[in-house]
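To keep things clear, I will list the structure first and then write my remarks on it.
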Amino acid sequence: MIPLLILPDLSTEDRLLAQARGGDQVAIMRIYDAYFAPIYQYIRLRVGEAMTAEDLAADVFVTLIGALRGANPPRDSLRGWLFKVARGTVADYYGAQAKLPETILDDWISAPTDEQPEVQFLQTVSNQRAQNAVRMLAADQQEVLVLRFGQQLSLQETADIMGKSVSAIKSLQWRAVETLRSILAHGSLEESA
Amino acid sequence: MAANRELLDAFNESVDRLSLGQPIETLLSHYPVRIAAQLRPMLESAQVAHRASVYPVREVNAARERARAKVLLALQHAPPIPVRMPDKKVVRFPARRLLTAAAAVMLTVLGIVTLNTYTPTPAYSETLTPMTAGLTSTPTPTPTGSPSPSVTPTPSTSPTSVDGTVSPLGCAVSAPDDWVSYFVKSGDTLSALALNTGATLAQAQTVNCITDPRLMRVGQEIFLPRKPTITTTGSTPAAPATLSGGGGGTTGGGGETVSPTEDNGDDGDDDDDSGGEDDDGSEDDDMTDDGSEDDDVIDDGG
């Protein structure tokens with residue numbers, strides 16, 4: 001599984017953060033250039049709709065600009081701070097406990113049949129179906145999947161962002177993957193022909 | 001599927017190795033068959049979750065360019081940054097006033113200058129495809145002949161993947177001091193530009209964090225050992241086009257040649273006159289981009 005999203009390495013990140021905190025506006029826009037894509041992708045998967053994701057992602061960086069001038073700028077981990085804000089932005093948009101709405105399903109691959117064992121099936125799942133399936137999970141399961149497997153963040157980084165312990169993340173990622181596997185294997189109620 | 005301790009541990013171990021690019025079969029071979037059988041669908045589901053996060057480069061880049069204006073606006077309209085004292089130090093009252101005044105002046109000047117000279121750089125996120133096998137992780141590529149720049153890419157803390165290439169978990173555009181900036185023109189190819197200026201394609205890719213040269217866009221700023229001597233087209237060096245409406249996004253596939261059919265849209269600001277995006281130096285202060293990057297920034301060390 002080659003990582004498909006690129007975050008800058010940590011030394012670059014720390015340097016950019018220091019410059020941004022010092023008022024370097026070029027650095028702030030460089031942060032935007034570098035981190036927009038991961039933040040957008042995180043939000044996009046969770047809200048399922050491109051224009052909303054775009055607006056919410058922009059808001060994360062507007063929040064950053066405000067925070068840099070305030071009393072509580074990002075201090076230790078820029079990526080952690082950005083994802084936390086993204087997380088909060090998504091939660092605000094949908095309400096804290098609400099399960100995210102299921103989207104109109106355009107493109108479904110049918111559930112595995114006897115001729116198509118589960119293992120092969122998983123390999124042929126389209127991105128669209130994968131996204132729809134992820135969105136059926138509970139909010140915290142979605143998050144852990146997106147952060148750990150989408151963004152490839154470490155256990156510790158994920159734990160910090162989600163406000164949980166590392167061991168809690170380990171359990172959560174297992175449950176999330178198991179639930180996803182089950183959804184993909186057995187189809188869903190919304191599946192259309 | 002119920003998880004016993006052994007399966008859970010195997011899963012957690014494997015997940016990290018999976019992110020390093022090891023194929024599932026290799027991972028599973030570390031475990032006894034009964035564990036591997038249960039592990040396999042779990043690892044494949046993890047891969048599905050990974051794939052679910054992928055949205056097309058075009059969509060992501062277009063979103064970034066459309067949203068840029070909103071962010072730039074916030075930047076330009078925000079009040080000046082207050083003096084940030086080092087987190088742990090306490091400054092005495094009279095000295096603080098003087099420091100505040102001096103720093104406010106300097107920051108304002110710096111703010112005006114950096115606003116005027118901000119030049120969008122190639123985004124890290126453009127290089128969404130994995131590094132090709134042609135790139136190696138050794139810091140100093142073999143010199144090719146005159147002049148052979150010694151290229152030292154910023155070391156990445158990311159792990160290497162199975163075939164030895166550096167996985168793109170972070171790439172900082174890092175050109176040697178004597179390299180110059182160049183704006184990609186219609187018809188340019190990275191290999192031709194590299195050849196023309198005495199670099200190898202691999203060096204040019206590494207320095208500019210370009211994993212797929214086909215994703216280069218007209219107006220994109222890259223770094224080369226020197227200015228190319230022959231331009232492939234007769235066009236004058238164009239400043240990156242300003243973003244309009246729904247423009248932006250990358251050029252499509254279809255070969256390496258950069259085509260002008262799509263607005264590169266690297267600038268987000270097409271109506272505000274305050275000069276955030278002008279690369280042709282038409283605004284007041286003419287400091288080069290390099291100067292504003294590292295120096296003269298008040299670093300609180302926080």
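Ligands are numbered from 1 in the order shown, chains are lettered A, B, ... in the order of the structure tokens, and residues start at 1 in each chain.
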- Exercise answer, chain A residues close to chain B, 7 Å and only C-alpha atoms, as a PyMOL selection string: chain A and resi 1-9+12+18-19+22-26+33-34+36-37+41+45+54+58+61-62+65+69+75+119+122+127+130-131+145-146+149-150+170+177-178+180-181
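Interatomic distance, CA of Glu143 (chain A) against CA of Arg30 (chain A): 25.9 Å.
Each of B:Ile222, B:Val184, B:Leu195, B:Val105 was compared to Val207 (chain B) using only C-alpha atoms, and B:Ile222 turns out to be the nearest.
CA of Ala37 (chain B) is found 10.3 Å from CA of Leu7 (chain B).
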Which residues of region 57-92 of chain A sit at most 12 Å from region 151-167 of chain A, using only C-alpha atoms? Give each one's shortest atom pair and distance in Å (one decimal place), in chain and ascending residue order, as a tab-separated table.
residue	atom	partner	partner_atom	distance
A:Asp76	CA	A:Asp160	CA	11.2
A:Ser77	CA	A:Glu157	CA	8.8
A:Leu78	CA	A:Glu157	CA	10.9
A:Arg79	CA	A:Glu157	CA	8.7
A:Gly80	CA	A:Ile161	CA	5.8
A:Trp81	CA	A:Ile161	CA	7.5
A:Leu82	CA	A:Ile161	CA	9.1
A:Phe83	CA	A:Ile161	CA	6.6
A:Lys84	CA	A:Ile161	CA	5.3
A:Val85	CA	A:Ile161	CA	9.1
A:Ala86	CA	A:Ile161	CA	9.9
A:Arg87	CA	A:Ile161	CA	8.3
A:Gly88	CA	A:Met162	CA	10.2
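Here CA of Arg175 (chain A) stands at a distance of 17.6 Å from CA of Asn132 (chain A).
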